[in-house]
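Note sheet for the following structure.
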Amino acid sequence: MKHLLLTFLLFATTLAQAAVFASKDGRFNMELPPAWTQPSKPTAGAVLSVVKEKARIDIKPISDCKDEACLEKKVQKDLADVKKKKMEVIRNDYTGEEIKRIDFSTGEPFFYIHFFSGKNDFSSGYFLIGKNAYSVLAKDLTYAQTDLIFSFISPVQDATQPDGSLEMDLTDERAYSIDALPAVTEESLLSKNELQAVEIKPAEQVQLSQAPAVKAKTKTPRTLVTRNMPPYIKQLGHGFDVIVILLFVYIFLQGGALLVRFFVRKKDSAAQVNPNSPYPIKFRRLYGTPSLIFRARDNQGNVLISLSGRWDSLFLFGGIILVVGAVFVMAFTGLLESTQIVKLSAFTYNTIYSAVSLIIPLGFVVFICGLLWSQLVLRQFALYDAKGHKAVYIMQRGFGLKKECYLAYFAKSKEVLLLERKRFSLLRKWQMLDKQRQVLAHITEEGTAKALVRKITGHLWGFLRASYHIEGPMQSSGRLENAGRAFDYFTCNIDKPQALSARDLLVASLIINIRDRDKWYPWF
């Protein structure tokens with residue numbers, strides 16, 4: 001728009017000295033600024049050629065077209081040829097249209113397209129004047145300049161045709177004489193007998209007035225996509241309808257799971273507890289802060305609190321809210337526009353679509369930032385004891401294609417614990433290793449079907465939260481069991497407490513639930 005405005009102002013300052021170029025056949029003129037001239041060697045077959053420095057415009061007659069439909073087919077064929085040659089076509093930023101159309105004062109059409117290669121800009125098209133068709137090719141002009149110059153082409157009025165003007169010659173005496181006006185008689189297109197036949201009697205009028213009103217049938221739209229929507233939505237077509245339906249299905253599942261949640265009781269553990277054992281270790285997430293906080297307490301009353309950032313989740317959540325909210329607003333607005341339930345002006349619809357069309361890409365950008373943060377930024381956090389001192393430092397050691405590695409450093413004992421997570425696996429799989437990389441335990445997610453459904457729907461208010469099976473030394477086994485609640489709560493227990501250090505298993509459980517935290521939205 002800025003280029004077009006600047007071009008218009010430039011032309012406006014020089015129009016006072018504009019030059020008029022007439023075609024050889026005398027059917028049209030082109031009024032251009034004085035910098036434009038006719039070349040010494042015009043193009044063969046052209047009825048008009050003009051040049052300005054490197055820019056050039058050639059107009060040739062064509063004999064195989066006499067109507068608008070033929071011109072439209074020709075410009076569509078040219079557009080296909082341009083795309084086959086891998087040239088870039090300039091389209092309307094909002095409507096997405098590639099073929100432009102303007103009409104002369106005579107109502108005859110002018111179709112043209114803009115395209116460019118690596119070195120040159122081109123505009124080509126066809127127009128009709130008095131059932132005579134012409135082709136036009138402009139080279140090395142910007143699309144804004146071409147739009148303006150093409151509007152300067154004007155048909156020449158045929159002198160043999162009547163002027164059709166309704167103006168009266170004021171020098172004629174009859175211009176001021178009422179008696180000179182022609183007599184006007186009222187004529188009916190129906191005969192007298194026909195008028196009597198169609199006369200409506202008073203009784204018939206009453207019956208018509210008492211007849212029930214026929215309700216206008218509202219046409220049900222076949223798609224939510226309307227012509228005023230952004231181009232990238234219109235290109236989706238029915239795919240946009242499918243996206244909206246999937247979002248409604250997801251909301252329905254979340255609503256159903258929330259409804260069922262009110263009628264499901266919390267699980268009460270009936271297992272006997274050894275008062276001298278550090279197991280079971282209970283974990284609970286603390287909500288209400290921007291940071292991610294877990295509180296762990298073993299059976300002997302020892303407490304550790306983990307504190308870690310979750311900027312990746314905040315970006316992911318914000319991006320999803322922006323995209324989903326914008327899609328619903330656009331779908332609802334499209335439904336209103338199609339059914340006309342609420343009558344709004346075209347300006348209102350365009351304003352809503354324009355705002356939403358900017359929000360959707362913004363949401364994707366925010367979501368991608370969160371995705372990159374979660375996958376590329378190394379995680380570091382700490383565990384604090386009951387007195388608030390740092391007890392364990394946890395650091396991620398780079399990224400691997402097949403696995404992730406985490407190192408836990410204990411501040412008092414100076415000991416090290418390693419945890420490895422397998423990447424690109426349907427089930428979450430972890431290993432505990434000592435400093436010499438001897439495997440201490442295998443921790444594997446339970447339930448393939450539950451894991452697959454959770455990746456598609458989220459944890460559905462806790463029903464699909466992950467639990468883990470623990471295989472340790474001395475043929476010991478245990479579970480990292482999630483309570484399946486809306487708020488995260490899980491317990492770690494093992495059948496042979498002497499087989500694994502409770503301290504190591506507590507730290508491993510926290511790392512696993514921080515790294516592989518169950519989300520309410522679809523996630524891998």
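By convention here, the chains of the structure tokens are called A, B, ... in the order presented, each chain's residues are numbered starting at 1, and ligands are numbered starting at 1 in the order presented.
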
**Message:** Just want the 12 Å neighbourhood of Ala133 of chain A, counted on only C-alpha atoms, with same-chain residues fewer than 3 positions away dropped. Output as a ChimeraX atom specification.
**Reply:** /A:27-28,47,59-72,74,108-111,125-130,136

What would the file look like if the residues just selected were written as a PDB file, in the first residue's frame with N, CA and C atoms?
```
ATOM      1  N   ARG A  27      -7.916   2.825 -31.464  1.00  0.00           N
ATOM      2  CA  ARG A  27      -9.011   2.359 -30.596  1.00  0.00           C
ATOM      3  C   ARG A  27      -8.784   2.717 -29.126  1.00  0.00           C
ATOM      4  N   PHE A  28      -7.569   3.050 -28.724  1.00  0.00           N
ATOM      5  CA  PHE A  28      -7.332   3.404 -27.327  1.00  0.00           C
ATOM      6  C   PHE A  28      -6.138   4.340 -27.232  1.00  0.00           C
ATOM      7  N   VAL A  47       0.689  -2.498 -31.650  1.00  0.00           N
ATOM      8  CA  VAL A  47      -0.023  -1.282 -32.023  1.00  0.00           C
ATOM      9  C   VAL A  47       0.425  -0.114 -31.156  1.00  0.00           C
ATOM     10  N   ILE A  59       1.940  -3.504 -26.531  1.00  0.00           N
ATOM     11  CA  ILE A  59       0.541  -3.912 -26.657  1.00  0.00           C
ATOM     12  C   ILE A  59       0.319  -4.394 -28.079  1.00  0.00           C
ATOM     13  N   LYS A  60      -0.190  -5.641 -28.204  1.00  0.00           N
ATOM     14  CA  LYS A  60      -0.417  -6.250 -29.520  1.00  0.00           C
ATOM     15  C   LYS A  60      -1.871  -6.688 -29.641  1.00  0.00           C
ATOM     16  N   PRO A  61      -2.427  -6.622 -30.846  1.00  0.00           N
ATOM     17  CA  PRO A  61      -3.793  -7.138 -31.054  1.00  0.00           C
ATOM     18  C   PRO A  61      -3.765  -8.659 -31.176  1.00  0.00           C
ATOM     19  N   ILE A  62      -4.831  -9.293 -30.746  1.00  0.00           N
ATOM     20  CA  ILE A  62      -4.994 -10.739 -30.929  1.00  0.00           C
ATOM     21  C   ILE A  62      -6.338 -10.976 -31.602  1.00  0.00           C
ATOM     22  N   SER A  63      -6.342 -11.935 -32.502  1.00  0.00           N
ATOM     23  CA  SER A  63      -7.534 -12.134 -33.330  1.00  0.00           C
ATOM     24  C   SER A  63      -8.380 -13.321 -32.914  1.00  0.00           C
ATOM     25  N   ASP A  64      -7.890 -14.154 -32.003  1.00  0.00           N
ATOM     26  CA  ASP A  64      -8.625 -15.374 -31.660  1.00  0.00           C
ATOM     27  C   ASP A  64      -9.507 -15.216 -30.435  1.00  0.00           C
ATOM     28  N   CYS A  65      -9.727 -13.985 -29.959  1.00  0.00           N
ATOM     29  CA  CYS A  65     -10.603 -13.748 -28.806  1.00  0.00           C
ATOM     30  C   CYS A  65     -11.533 -12.591 -29.108  1.00  0.00           C
ATOM     31  N   LYS A  66     -12.809 -12.777 -28.752  1.00  0.00           N
ATOM     32  CA  LYS A  66     -13.796 -11.732 -28.979  1.00  0.00           C
ATOM     33  C   LYS A  66     -14.657 -11.447 -27.754  1.00  0.00           C
ATOM     34  N   ASP A  67     -14.458 -12.227 -26.669  1.00  0.00           N
ATOM     35  CA  ASP A  67     -15.315 -12.038 -25.502  1.00  0.00           C
ATOM     36  C   ASP A  67     -14.500 -12.210 -24.222  1.00  0.00           C
ATOM     37  N   GLU A  68     -15.161 -11.942 -23.106  1.00  0.00           N
ATOM     38  CA  GLU A  68     -14.511 -11.957 -21.791  1.00  0.00           C
ATOM     39  C   GLU A  68     -14.050 -13.347 -21.386  1.00  0.00           C
ATOM     40  N   ALA A  69     -14.873 -14.375 -21.677  1.00  0.00           N
ATOM     41  CA  ALA A  69     -14.537 -15.736 -21.275  1.00  0.00           C
ATOM     42  C   ALA A  69     -13.237 -16.192 -21.925  1.00  0.00           C
ATOM     43  N   CYS A  70     -13.046 -15.817 -23.178  1.00  0.00           N
ATOM     44  CA  CYS A  70     -11.821 -16.202 -23.897  1.00  0.00           C
ATOM     45  C   CYS A  70     -10.594 -15.542 -23.259  1.00  0.00           C
ATOM     46  N   LEU A  71     -10.721 -14.256 -22.902  1.00  0.00           N
ATOM     47  CA  LEU A  71      -9.602 -13.565 -22.259  1.00  0.00           C
ATOM     48  C   LEU A  71      -9.248 -14.210 -20.923  1.00  0.00           C
ATOM     49  N   GLU A  72     -10.254 -14.586 -20.167  1.00  0.00           N
ATOM     50  CA  GLU A  72     -10.016 -15.187 -18.855  1.00  0.00           C
ATOM     51  C   GLU A  72      -9.279 -16.519 -18.989  1.00  0.00           C
ATOM     52  N   LYS A  74      -7.252 -17.301 -21.411  1.00  0.00           N
ATOM     53  CA  LYS A  74      -5.884 -17.002 -21.834  1.00  0.00           C
ATOM     54  C   LYS A  74      -5.008 -16.599 -20.645  1.00  0.00           C
ATOM     55  N   GLU A 108     -15.863  -2.945 -20.322  1.00  0.00           N
ATOM     56  CA  GLU A 108     -15.094  -4.061 -20.861  1.00  0.00           C
ATOM     57  C   GLU A 108     -13.923  -4.391 -19.927  1.00  0.00           C
ATOM     58  N   PRO A 109     -13.528  -5.675 -19.878  1.00  0.00           N
ATOM     59  CA  PRO A 109     -12.589  -6.127 -18.836  1.00  0.00           C
ATOM     60  C   PRO A 109     -11.125  -6.004 -19.245  1.00  0.00           C
ATOM     61  N   PHE A 110     -10.278  -6.009 -18.217  1.00  0.00           N
ATOM     62  CA  PHE A 110      -8.826  -6.023 -18.373  1.00  0.00           C
ATOM     63  C   PHE A 110      -8.284  -6.975 -17.308  1.00  0.00           C
ATOM     64  N   PHE A 111      -7.753  -8.143 -17.739  1.00  0.00           N
ATOM     65  CA  PHE A 111      -7.180  -9.130 -16.825  1.00  0.00           C
ATOM     66  C   PHE A 111      -5.654  -9.078 -16.943  1.00  0.00           C
ATOM     67  N   GLY A 125      -1.079  -9.370 -19.539  1.00  0.00           N
ATOM     68  CA  GLY A 125      -2.523  -9.486 -19.445  1.00  0.00           C
ATOM     69  C   GLY A 125      -3.204  -9.280 -20.778  1.00  0.00           C
ATOM     70  N   TYR A 126      -4.538  -9.209 -20.715  1.00  0.00           N
ATOM     71  CA  TYR A 126      -5.367  -9.066 -21.910  1.00  0.00           C
ATOM     72  C   TYR A 126      -6.510  -8.107 -21.585  1.00  0.00           C
ATOM     73  N   PHE A 127      -6.895  -7.307 -22.594  1.00  0.00           N
ATOM     74  CA  PHE A 127      -8.057  -6.433 -22.409  1.00  0.00           C
ATOM     75  C   PHE A 127      -8.863  -6.385 -23.702  1.00  0.00           C
ATOM     76  N   LEU A 128     -10.100  -5.931 -23.564  1.00  0.00           N
ATOM     77  CA  LEU A 128     -11.075  -5.919 -24.650  1.00  0.00           C
ATOM     78  C   LEU A 128     -11.581  -4.501 -24.853  1.00  0.00           C
ATOM     79  N   ILE A 129     -11.558  -4.042 -26.114  1.00  0.00           N
ATOM     80  CA  ILE A 129     -12.104  -2.728 -26.465  1.00  0.00           C
ATOM     81  C   ILE A 129     -12.918  -2.883 -27.744  1.00  0.00           C
ATOM     82  N   GLY A 130     -14.224  -2.669 -27.649  1.00  0.00           N
ATOM     83  CA  GLY A 130     -15.088  -2.781 -28.820  1.00  0.00           C
ATOM     84  C   GLY A 130     -14.985  -4.127 -29.502  1.00  0.00           C
ATOM     85  N   VAL A 136      -0.962  -7.394 -23.519  1.00  0.00           N
ATOM     86  CA  VAL A 136      -0.040  -6.378 -23.035  1.00  0.00           C
ATOM     87  C   VAL A 136       1.045  -7.061 -22.205  1.00  0.00           C
TER      88      VAL A 136
END
```

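Ranking A:Ile281, A:Val392, A:Leu510, A:Leu433 by their shortest atom-to-atom distance to Asn302 of chain A, with only C-alpha atoms included, puts A:Ile281 first.
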
**Prompt:** So which residues touch Phe152 of chain A within 12 Å, counting only C-alpha atoms, skipping near sequence neighbours fewer than 4 positions away, as number ranges by chain?
**Reply:** A: 8, 11, 15, 18-22, 28-33, 102-105, 145-148

Those residues you just picked out, can you put them in a file as a PDB file, in the first residue's frame with N, CA and C atoms?
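Contents of result_14.pdb, as written:
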```pdb
ATOM      1  N   PHE A   8       1.611   6.798  -6.728  1.00  0.00           N
ATOM      2  CA  PHE A   8       0.527   7.697  -7.124  1.00  0.00           C
ATOM      3  C   PHE A   8       0.935   9.158  -6.956  1.00  0.00           C
ATOM      4  N   PHE A  11       3.293  10.150  -9.749  1.00  0.00           N
ATOM      5  CA  PHE A  11       2.615  10.375 -11.025  1.00  0.00           C
ATOM      6  C   PHE A  11       1.765  11.628 -10.989  1.00  0.00           C
ATOM      7  N   LEU A  15       1.507  14.623 -13.962  1.00  0.00           N
ATOM      8  CA  LEU A  15       0.378  14.466 -14.888  1.00  0.00           C
ATOM      9  C   LEU A  15       0.043  15.744 -15.628  1.00  0.00           C
ATOM     10  N   ALA A  18       1.698  15.404 -18.815  1.00  0.00           N
ATOM     11  CA  ALA A  18       1.643  14.042 -19.325  1.00  0.00           C
ATOM     12  C   ALA A  18       1.553  14.026 -20.838  1.00  0.00           C
ATOM     13  N   ALA A  19       2.096  12.944 -21.427  1.00  0.00           N
ATOM     14  CA  ALA A  19       2.027  12.739 -22.867  1.00  0.00           C
ATOM     15  C   ALA A  19       0.995  11.665 -23.164  1.00  0.00           C
ATOM     16  N   VAL A  20       0.244  11.864 -24.256  1.00  0.00           N
ATOM     17  CA  VAL A  20      -0.795  10.926 -24.658  1.00  0.00           C
ATOM     18  C   VAL A  20      -0.282  10.132 -25.850  1.00  0.00           C
ATOM     19  N   PHE A  21      -0.279   8.805 -25.722  1.00  0.00           N
ATOM     20  CA  PHE A  21       0.166   7.925 -26.803  1.00  0.00           C
ATOM     21  C   PHE A  21      -1.068   7.207 -27.351  1.00  0.00           C
ATOM     22  N   ALA A  22      -1.267   7.295 -28.651  1.00  0.00           N
ATOM     23  CA  ALA A  22      -2.414   6.672 -29.308  1.00  0.00           C
ATOM     24  C   ALA A  22      -1.982   5.393 -29.994  1.00  0.00           C
ATOM     25  N   PHE A  28      -7.569   3.050 -28.724  1.00  0.00           N
ATOM     26  CA  PHE A  28      -7.332   3.404 -27.327  1.00  0.00           C
ATOM     27  C   PHE A  28      -6.138   4.340 -27.232  1.00  0.00           C
ATOM     28  N   ASN A  29      -6.076   5.041 -26.113  1.00  0.00           N
ATOM     29  CA  ASN A  29      -4.963   5.930 -25.799  1.00  0.00           C
ATOM     30  C   ASN A  29      -4.343   5.518 -24.476  1.00  0.00           C
ATOM     31  N   MET A  30      -3.092   5.953 -24.258  1.00  0.00           N
ATOM     32  CA  MET A  30      -2.420   5.739 -22.982  1.00  0.00           C
ATOM     33  C   MET A  30      -1.757   7.054 -22.581  1.00  0.00           C
ATOM     34  N   GLU A  31      -2.168   7.585 -21.444  1.00  0.00           N
ATOM     35  CA  GLU A  31      -1.653   8.858 -20.969  1.00  0.00           C
ATOM     36  C   GLU A  31      -0.594   8.596 -19.906  1.00  0.00           C
ATOM     37  N   LEU A  32       0.658   8.995 -20.210  1.00  0.00           N
ATOM     38  CA  LEU A  32       1.790   8.698 -19.342  1.00  0.00           C
ATOM     39  C   LEU A  32       2.599   9.952 -19.053  1.00  0.00           C
ATOM     40  N   PRO A  33       3.417   9.946 -17.997  1.00  0.00           N
ATOM     41  CA  PRO A  33       4.295  11.085 -17.699  1.00  0.00           C
ATOM     42  C   PRO A  33       5.280  11.330 -18.848  1.00  0.00           C
ATOM     43  N   ILE A 102      -9.570  -5.154 -13.841  1.00  0.00           N
ATOM     44  CA  ILE A 102     -10.129  -3.808 -13.807  1.00  0.00           C
ATOM     45  C   ILE A 102     -11.068  -3.671 -14.995  1.00  0.00           C
ATOM     46  N   ASP A 103     -11.998  -2.740 -14.938  1.00  0.00           N
ATOM     47  CA  ASP A 103     -12.965  -2.517 -16.014  1.00  0.00           C
ATOM     48  C   ASP A 103     -12.815  -1.102 -16.548  1.00  0.00           C
ATOM     49  N   PHE A 104     -12.885  -0.981 -17.878  1.00  0.00           N
ATOM     50  CA  PHE A 104     -12.870   0.333 -18.497  1.00  0.00           C
ATOM     51  C   PHE A 104     -14.217   1.026 -18.284  1.00  0.00           C
ATOM     52  N   SER A 105     -14.293   2.295 -18.690  1.00  0.00           N
ATOM     53  CA  SER A 105     -15.549   3.043 -18.552  1.00  0.00           C
ATOM     54  C   SER A 105     -16.650   2.440 -19.406  1.00  0.00           C
ATOM     55  N   GLN A 145       3.580   0.268  -9.749  1.00  0.00           N
ATOM     56  CA  GLN A 145       3.642   1.133 -10.918  1.00  0.00           C
ATOM     57  C   GLN A 145       2.786   0.592 -12.055  1.00  0.00           C
ATOM     58  N   THR A 146       2.813  -0.726 -12.238  1.00  0.00           N
ATOM     59  CA  THR A 146       2.036  -1.332 -13.312  1.00  0.00           C
ATOM     60  C   THR A 146       0.550  -1.141 -13.091  1.00  0.00           C
ATOM     61  N   ASP A 147       0.081  -1.319 -11.843  1.00  0.00           N
ATOM     62  CA  ASP A 147      -1.338  -1.095 -11.545  1.00  0.00           C
ATOM     63  C   ASP A 147      -1.766   0.307 -11.955  1.00  0.00           C
ATOM     64  N   LEU A 148      -0.920   1.289 -11.649  1.00  0.00           N
ATOM     65  CA  LEU A 148      -1.267   2.673 -11.949  1.00  0.00           C
ATOM     66  C   LEU A 148      -1.226   2.945 -13.453  1.00  0.00           C
TER      67      LEU A 148
END
```

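Atom CA of Val51 of chain A is found 5.7 Å from atom CA of Trp36 of chain A.
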
**Message:** Set the distance at 8 Å and use only C-alpha atoms: which residues neighbour segment 472-486 of chain A once local chain neighbours fewer than 3 positions away are removed? I'd like the list as a ChimeraX atom specification.
**Reply:** /A:266-267,440-442,461-469,489-496,499-500,509

Let me see the file: selected residues, N, CA, C and O atoms, as a compact mmCIF listing (two decimals), in the first residue's frame.
```
# COMPACT_ATOMS: atom_id res chain seq x y z
N LYS A 266 -10.81 -41.26 45.97
CA LYS A 266 -9.36 -41.37 46.02
C LYS A 266 -8.97 -42.78 46.46
O LYS A 266 -9.64 -43.40 47.27
N LYS A 267 -7.86 -43.26 45.90
CA LYS A 267 -7.37 -44.59 46.27
C LYS A 267 -6.70 -44.54 47.64
O LYS A 267 -5.87 -43.69 47.90
N LEU A 440 22.07 -49.72 38.41
CA LEU A 440 21.48 -50.00 39.72
C LEU A 440 20.03 -50.44 39.60
O LEU A 440 19.58 -51.29 40.38
N ALA A 441 19.29 -49.85 38.64
CA ALA A 441 17.87 -50.20 38.52
C ALA A 441 17.36 -49.77 37.16
O ALA A 441 17.88 -48.83 36.53
N HIS A 442 16.32 -50.47 36.70
CA HIS A 442 15.58 -50.11 35.50
C HIS A 442 14.20 -49.62 35.92
O HIS A 442 13.50 -50.30 36.69
N TRP A 461 -7.52 -35.21 33.44
CA TRP A 461 -7.79 -34.95 34.85
C TRP A 461 -7.25 -36.05 35.76
O TRP A 461 -7.87 -36.40 36.78
N GLY A 462 -6.11 -36.62 35.38
CA GLY A 462 -5.41 -37.57 36.24
C GLY A 462 -5.67 -39.03 35.93
O GLY A 462 -4.94 -39.90 36.43
N PHE A 463 -6.68 -39.35 35.13
CA PHE A 463 -7.01 -40.75 34.87
C PHE A 463 -5.90 -41.48 34.12
O PHE A 463 -5.76 -42.71 34.25
N LEU A 464 -5.12 -40.76 33.32
CA LEU A 464 -4.10 -41.40 32.50
C LEU A 464 -2.68 -41.04 32.94
O LEU A 464 -1.75 -41.16 32.14
N ARG A 465 -2.52 -40.62 34.17
CA ARG A 465 -1.17 -40.32 34.65
C ARG A 465 -0.32 -41.59 34.67
O ARG A 465 -0.84 -42.69 34.90
N ALA A 466 0.97 -41.42 34.45
CA ALA A 466 1.87 -42.57 34.30
C ALA A 466 2.35 -43.11 35.64
O ALA A 466 2.64 -42.35 36.57
N SER A 467 2.43 -44.43 35.74
CA SER A 467 3.09 -45.13 36.84
C SER A 467 4.25 -45.93 36.27
O SER A 467 4.27 -46.24 35.07
N TYR A 468 5.22 -46.30 37.13
CA TYR A 468 6.44 -46.95 36.66
C TYR A 468 6.71 -48.22 37.46
O TYR A 468 6.39 -48.31 38.65
N HIS A 469 7.33 -49.18 36.76
CA HIS A 469 7.77 -50.42 37.40
C HIS A 469 9.28 -50.34 37.62
O HIS A 469 10.03 -49.93 36.73
N TYR A 489 0.19 -36.53 42.51
CA TYR A 489 0.52 -37.16 43.80
C TYR A 489 0.94 -38.59 43.50
O TYR A 489 0.22 -39.34 42.84
N PHE A 490 2.12 -39.00 43.95
CA PHE A 490 2.59 -40.36 43.67
C PHE A 490 3.42 -40.89 44.85
O PHE A 490 3.86 -40.12 45.72
N THR A 491 3.60 -42.22 44.83
CA THR A 491 4.28 -42.91 45.93
C THR A 491 5.31 -43.88 45.36
O THR A 491 5.06 -44.54 44.35
N CYS A 492 6.46 -43.97 46.04
CA CYS A 492 7.51 -44.91 45.63
C CYS A 492 7.68 -45.97 46.72
O CYS A 492 7.80 -45.63 47.91
N ASN A 493 7.68 -47.22 46.28
CA ASN A 493 7.83 -48.33 47.24
C ASN A 493 8.60 -49.45 46.57
O ASN A 493 8.58 -49.59 45.34
N ILE A 494 9.28 -50.28 47.39
CA ILE A 494 10.05 -51.40 46.87
C ILE A 494 9.96 -52.54 47.87
O ILE A 494 9.84 -52.31 49.09
N ASP A 495 9.99 -53.78 47.37
CA ASP A 495 9.77 -54.92 48.27
C ASP A 495 10.99 -55.25 49.13
O ASP A 495 10.88 -55.86 50.20
N LYS A 496 12.21 -54.87 48.69
CA LYS A 496 13.42 -55.13 49.45
C LYS A 496 14.13 -53.80 49.71
O LYS A 496 14.94 -53.35 48.88
N ALA A 499 17.87 -53.27 49.10
CA ALA A 499 18.45 -53.44 47.76
C ALA A 499 18.83 -52.10 47.14
O ALA A 499 19.82 -52.03 46.39
N LEU A 500 18.10 -51.06 47.41
CA LEU A 500 18.35 -49.74 46.81
C LEU A 500 18.32 -48.68 47.89
O LEU A 500 17.50 -48.73 48.81
N SER A 509 13.15 -40.52 41.46
CA SER A 509 11.71 -40.33 41.26
C SER A 509 11.37 -38.87 40.96
O SER A 509 10.53 -38.57 40.10
```

**Prompt:** So which residues touch segment 405-420 of chain A within 8 Å, counting only C-alpha atoms, skipping near sequence neighbours fewer than 2 positions away, as a ChimeraX atom specification?
**Reply:** /A:390-399,403,422,430-435,437,504,507-508

**Request:** Check segment 189-406 of chain A with DSSP on the backbone and list each residue it calls alpha helix (DSSP H), as a PyMOL selection string.
**Result:** chain A and resi 192-197+202-210+231-236+238-261+311-339+346-376

**Item:** Closest of A:Gly118, A:Leu460, A:Lys52, A:Lys85 to Ala138 of chain A - atom-to-atom distances counting only C-alpha atoms
**Value:** A:Lys52

**Request:** Find the spatial neighbours of segment 325-342 of chain A, counting only C-alpha atoms, within a cut-off of 12 Å - ignore same-chain residues fewer than 5 positions away - and output them as a PyMOL selection string.
**Result:** chain A and resi 217-230+233-234+238+240-248+251+317-320+347-364
